[in-house]
Amino acid sequence: MKLKDRVAIVTGAGSGIGQATALLFAREGARVGVVDLDADAARGTTQQIEKAGGQALALTADVSRGEDNREAIGKTVAAWGRLDIFYANAGVPQWPGAVEEVDESVFDRIMAVNVKGVFLGAKHAVPVMKKQKSGVFLITGSTAALKPRPGGQCYAASKGAVTTMTQSLALELAPFGIRVVVIAPVATETPMLPTFMGKKEVDEEGMRRYVATVPLGRLNQPEDIAKAALFLASDDAAMITGSCFLVDGGRCA
Ligand SMILES: NC(=O)c1ccc[n+]([C@@H]2O[C@H](COP(=O)([O-])OP(=O)(O)OC[C@H]3O[C@@H](n4cnc5c(N)ncnc54)[C@H](O)[C@@H]3O)[C@@H](O)[C@H]2O)c1
């Protein structure tokens, strides 16, 4: 087991990439704080982990709020005494649109969740990790940071911001034994995918258009990202920090 006796928090773990990662981390021995804005979704993932014999804590929180981050981390540390891995994965997508038609509130919410949410996660998780002199802080970025698609200006900018934040945090935290890595997935088959495509539901046209941009000829499954996150969170990645880890089937090559 790669994460035996570790304590992890995964945000946005009620669905998609976060859920697949929380389940895999638990299978690999971690106790997992399952953070999501959607209380039922957080409970659902927690129940799946417990059914499989693992330990999990459902934590309802909005990552864009400082107090929610403080509480979720506080409850996890109170339950299990430490925090080895924090995966800042929660994010919101953007419906593609011409810049002049995008409402300011769309920009504000995307930045609040995708950027400020990551900052707040670090702000509250790092003091615990510094005391331990060890920790791994993972972030879900996106290939949108490196090879954006038209019409997703706010989303691409938010993922660009956390890609740069990763480098800055990695340098700041290396002296404390804390590693920081951003994972950049290409389009992934989760409930978020249709929004990127500008559709209510994924259809053949959308899939054809997206798959055509991925040299390996398919989109990610959430488990593709979970496996990368497991590697990066584990001691196998002990010399990896400040990197942008692409899981993109060659999209950015
Ligand atoms: N699906 C893709 O194509 C894709 C590609 C690249 C990157 N990503 C990124 O992956 C991450 C996970 O997305 P996903 O595809 O698994 O989507 P998803 O919609 O399946 O899951 C996102 C989860 O985050 C939760 N969430 C949203 N806002 C929150 C908040 N403020 N506080 C706490 N939880 C919140 C949602 O309730 C949901 O359970 C996001 O950061 C997203 O930007 C997704």
# chains A, B, ... in the order shown; residues from 1 in each chain; ligands from 1
>>> residues_near_ligand(ligand="ligand 1", cutoff="7 Å", atoms="only C-alpha atoms and all ligand atoms", output="PDB file with C-alpha atoms, in the first residue's frame")
ATOM      1  CA  THR A  11     -11.532  18.657  -2.207  1.00  0.00           C
ATOM      2  CA  GLY A  12     -14.299  18.244  -4.760  1.00  0.00           C
ATOM      3  CA  ALA A  13     -14.253  14.572  -3.765  1.00  0.00           C
ATOM      4  CA  GLY A  14     -18.009  14.108  -4.155  1.00  0.00           C
ATOM      5  CA  SER A  15     -17.693  13.548  -7.910  1.00  0.00           C
ATOM      6  CA  GLY A  16     -15.409  12.922 -10.874  1.00  0.00           C
ATOM      7  CA  ILE A  17     -11.639  13.203 -10.439  1.00  0.00           C
ATOM      8  CA  GLY A  18     -11.811  13.981  -6.702  1.00  0.00           C
ATOM      9  CA  VAL A  35     -14.531  17.715   1.067  1.00  0.00           C
ATOM     10  CA  ASP A  36     -17.362  18.878  -1.172  1.00  0.00           C
ATOM     11  CA  LEU A  37     -19.809  21.754  -1.423  1.00  0.00           C
ATOM     12  CA  ASP A  38     -22.515  19.148  -1.986  1.00  0.00           C
ATOM     13  CA  ALA A  41     -22.023  13.889  -2.624  1.00  0.00           C
ATOM     14  CA  ALA A  61     -17.275  23.013   2.669  1.00  0.00           C
ATOM     15  CA  ASP A  62     -17.056  25.744   0.075  1.00  0.00           C
ATOM     16  CA  VAL A  63     -13.346  25.940  -0.759  1.00  0.00           C
ATOM     17  CA  SER A  64     -13.676  29.615  -1.677  1.00  0.00           C
ATOM     18  CA  ASN A  89      -9.016  19.564  -6.712  1.00  0.00           C
ATOM     19  CA  ALA A  90     -12.409  21.302  -6.444  1.00  0.00           C
ATOM     20  CA  GLY A  91     -13.102  23.531  -9.410  1.00  0.00           C
ATOM     21  CA  VAL A  92     -15.812  24.982 -11.583  1.00  0.00           C
ATOM     22  CA  PRO A  93     -15.918  25.001 -15.401  1.00  0.00           C
ATOM     23  CA  VAL A 113     -13.155  28.607  -6.491  1.00  0.00           C
ATOM     24  CA  ASN A 114     -10.304  27.676  -8.860  1.00  0.00           C
ATOM     25  CA  THR A 140      -5.765  20.069 -10.204  1.00  0.00           C
ATOM     26  CA  GLY A 141      -4.803  22.462 -12.973  1.00  0.00           C
ATOM     27  CA  SER A 142      -5.639  21.786 -16.604  1.00  0.00           C
ATOM     28  CA  THR A 143      -4.178  21.613 -20.084  1.00  0.00           C
ATOM     29  CA  ALA A 184      -2.875  19.080 -15.738  1.00  0.00           C
ATOM     30  CA  PRO A 185      -5.531  16.763 -17.159  1.00  0.00           C
ATOM     31  CA  VAL A 186      -6.856  16.993 -20.680  1.00  0.00           C
ATOM     32  CA  ALA A 187     -10.673  16.703 -21.023  1.00  0.00           C
ATOM     33  CA  THR A 188     -11.913  14.079 -18.589  1.00  0.00           C
ATOM     34  CA  GLU A 189     -15.174  12.128 -18.619  1.00  0.00           C
ATOM     35  CA  THR A 190     -16.854  13.604 -15.531  1.00  0.00           C
ATOM     36  CA  PRO A 191     -20.110  15.547 -15.042  1.00  0.00           C
ATOM     37  CA  MET A 192     -18.113  18.709 -15.874  1.00  0.00           C
ATOM     38  CA  LEU A 193     -17.313  17.670 -19.451  1.00  0.00           C
ATOM     39  CA  PRO A 222     -11.208  10.079 -13.665  1.00  0.00           C
TER      40      PRO A 222
END
>>> residues_around(residues="segment 24-33 of chain A", least_positions_apart="3", cutoff="7 Å", atoms="only C-alpha atoms", output="list in words")
Met1, Lys2, Leu3, Lys4, Asp5, Arg6, Val7, Ala8, Ile9, Val10, Ala20, Thr21, Ile49, Gly54, Gln55, Ala56, Leu57, Ala58, Leu59, Thr76, Ala226 and Leu230 of chain A
>>> residues_around(residues="Glu67 of chain A", least_positions_apart="3", cutoff="12 Å", atoms="only C-alpha atoms", output="list of chain:residue names")
A:Thr60, A:Ala61, A:Asp62, A:Val63, A:Ser64, A:Arg70, A:Glu71, A:Ala72, A:Ile73, A:Gly74, A:Gly117, A:Leu120, A:Gly121, A:Lys123, A:His124
>>> atom_distance(atom1="atom CA of Trp80 of chain A", atom2="atom CA of Thr46 of chain A")
15.5 Å
>>> residues_around(residues="Phe137 of chain A", least_positions_apart="6", cutoff="8 Å", atoms="only C-alpha atoms", output="list of chain:residue names")
A:Ile85, A:Phe86, A:Tyr87, A:Ala88, A:Ala122, A:Ile178, A:Arg179, A:Val180, A:Val181
>>> write_last_selection(atoms="all heavy atoms", output="compact mmCIF listing (two decimals), in the first residue's frame")
# COMPACT_ATOMS: atom_id res chain seq x y z
N ILE A 85 -1.38 14.79 3.09
CA ILE A 85 -1.66 15.11 1.68
C ILE A 85 -2.88 16.02 1.62
O ILE A 85 -3.92 15.70 2.23
CB ILE A 85 -1.97 13.83 0.88
CG1 ILE A 85 -0.82 12.82 0.98
CG2 ILE A 85 -2.31 14.16 -0.57
CD1 ILE A 85 -1.26 11.37 0.81
N PHE A 86 -2.76 17.13 0.92
CA PHE A 86 -3.93 17.96 0.65
C PHE A 86 -4.03 18.08 -0.86
O PHE A 86 -3.12 18.57 -1.52
CB PHE A 86 -3.78 19.36 1.27
CG PHE A 86 -5.05 20.19 1.20
CD1 PHE A 86 -5.91 20.27 2.29
CD2 PHE A 86 -5.39 20.86 0.03
CE1 PHE A 86 -7.09 21.03 2.22
CE2 PHE A 86 -6.57 21.61 -0.04
CZ PHE A 86 -7.41 21.70 1.07
N TYR A 87 -5.15 17.60 -1.43
CA TYR A 87 -5.34 17.67 -2.88
C TYR A 87 -6.42 18.72 -3.17
O TYR A 87 -7.60 18.47 -2.98
CB TYR A 87 -5.71 16.29 -3.42
CG TYR A 87 -5.82 16.21 -4.94
CD1 TYR A 87 -5.39 17.24 -5.77
CD2 TYR A 87 -6.31 15.06 -5.54
CE1 TYR A 87 -5.48 17.14 -7.16
CE2 TYR A 87 -6.40 14.96 -6.93
CZ TYR A 87 -5.99 16.01 -7.73
OH TYR A 87 -6.08 15.92 -9.10
N ALA A 88 -5.97 19.91 -3.60
CA ALA A 88 -6.89 21.01 -3.94
C ALA A 88 -7.42 20.77 -5.35
O ALA A 88 -6.83 21.23 -6.34
CB ALA A 88 -6.14 22.34 -3.85
N ALA A 122 -4.00 26.02 0.82
CA ALA A 122 -2.59 26.08 1.22
C ALA A 122 -2.44 26.85 2.52
O ALA A 122 -1.72 26.43 3.44
CB ALA A 122 -1.77 26.73 0.12
N ILE A 178 7.97 20.06 2.22
CA ILE A 178 6.62 19.98 1.62
C ILE A 178 6.75 20.10 0.10
O ILE A 178 7.35 21.05 -0.39
CB ILE A 178 5.72 21.11 2.16
CG1 ILE A 178 5.62 21.01 3.70
CG2 ILE A 178 4.33 21.05 1.51
CD1 ILE A 178 5.00 22.25 4.36
N ARG A 179 6.20 19.11 -0.61
CA ARG A 179 6.22 19.14 -2.07
C ARG A 179 4.89 19.68 -2.61
O ARG A 179 3.84 19.48 -2.00
CB ARG A 179 6.46 17.74 -2.64
CG ARG A 179 7.80 17.14 -2.25
CD ARG A 179 8.08 15.82 -2.97
NE ARG A 179 7.21 14.74 -2.61
CZ ARG A 179 6.22 14.25 -3.36
NH1 ARG A 179 5.94 14.77 -4.55
NH2 ARG A 179 5.48 13.25 -2.93
N VAL A 180 4.98 20.38 -3.75
CA VAL A 180 3.78 20.96 -4.37
C VAL A 180 3.80 20.64 -5.86
O VAL A 180 4.79 20.92 -6.54
CB VAL A 180 3.74 22.50 -4.19
CG1 VAL A 180 2.41 23.07 -4.68
CG2 VAL A 180 3.98 22.89 -2.74
N VAL A 181 2.73 20.02 -6.36
CA VAL A 181 2.67 19.64 -7.78
C VAL A 181 1.28 19.95 -8.32
O VAL A 181 0.28 19.70 -7.64
CB VAL A 181 2.97 18.13 -7.97
CG1 VAL A 181 2.95 17.77 -9.45
CG2 VAL A 181 4.31 17.74 -7.35
>>> select_by_dssp(residues="segment 106-243 of chain A", states="strand (DSSP E or B)", output="ChimeraX atom specification")
/A:135-140,178-185,188,220
>>> residues_around(residues="segment 94-100 of chain A", least_positions_apart="4", cutoff="7 Å", atoms="only C-alpha atoms", output="list in words")
Gly151, Gly152, Tyr155, Thr195, Phe196 and Gly198 of chain A
>>> select_by_dssp(residues="segment 17-243 of chain A", states="helix (DSSP H, G or I)", output="VMD selection string")
chain A and resid 17 to 27 39 to 51 66 to 80 99 to 101 104 to 132 143 to 145 153 to 176 193 to 197 204 to 211 222 to 233 235 to 237
>>> closest_residue(among="A:Ala22, A:Leu171, A:Cys244, A:Met207", to="Ala145 of chain A", atoms="only C-alpha atoms")
A:Cys244
>>> atom_distance(atom1="atom CA of Pro150 of chain A", atom2="atom CA of Lys227 of chain A")
29.1 Å
>>> residues_around(residues="Ser134 of chain A", least_positions_apart="4", cutoff="12 Å", atoms="only C-alpha atoms", output="list in words")
Arg6, Val7, Arg82, Leu83, Asp84, Ile85, Phe86, Ala125, Val126, Pro127, Val128, Met129, Lys130, Leu173, Ala174, Pro175, Phe176, Gly177, Ile178, Arg179, Val180, Ala233, Ser234, Asp235 and Ala238 of chain A
>>> write_last_selection(atoms="C-alpha atoms", output="tab-separated table (two decimals), in the first residue's frame")
chain	number	residue	atom	x	y	z
A	6	ARG	CA	-1.25	8.69	5.74
A	7	VAL	CA	-3.98	11.26	6.25
A	82	ARG	CA	-2.02	14.84	11.18
A	83	LEU	CA	-2.32	15.87	7.52
A	84	ASP	CA	0.07	14.35	4.98
A	85	ILE	CA	-1.66	15.11	1.68
A	86	PHE	CA	-3.93	17.96	0.65
A	125	ALA	CA	-3.01	23.13	5.39
A	126	VAL	CA	0.59	24.34	5.30
A	127	PRO	CA	0.89	25.24	9.02
A	128	VAL	CA	0.01	21.62	9.91
A	129	MET	CA	2.51	20.26	7.37
A	130	LYS	CA	5.25	22.66	8.50
A	173	LEU	CA	7.83	25.15	1.05
A	174	ALA	CA	10.79	23.01	-0.06
A	175	PRO	CA	12.81	23.98	3.05
A	176	PHE	CA	9.99	22.50	5.15
A	177	GLY	CA	9.91	19.15	3.33
A	178	ILE	CA	6.62	19.98	1.62
A	179	ARG	CA	6.22	19.14	-2.07
A	180	VAL	CA	3.78	20.96	-4.37
A	233	ALA	CA	1.34	11.87	-3.31
A	234	SER	CA	3.49	8.82	-2.59
A	235	ASP	CA	7.17	8.54	-1.66
A	238	ALA	CA	10.01	12.18	-3.42
>>> closest_residue(among="A:Asp248, A:Asp68, A:Val115, A:Val106", to="Gly217 of chain A", atoms="only C-alpha atoms")
A:Asp248
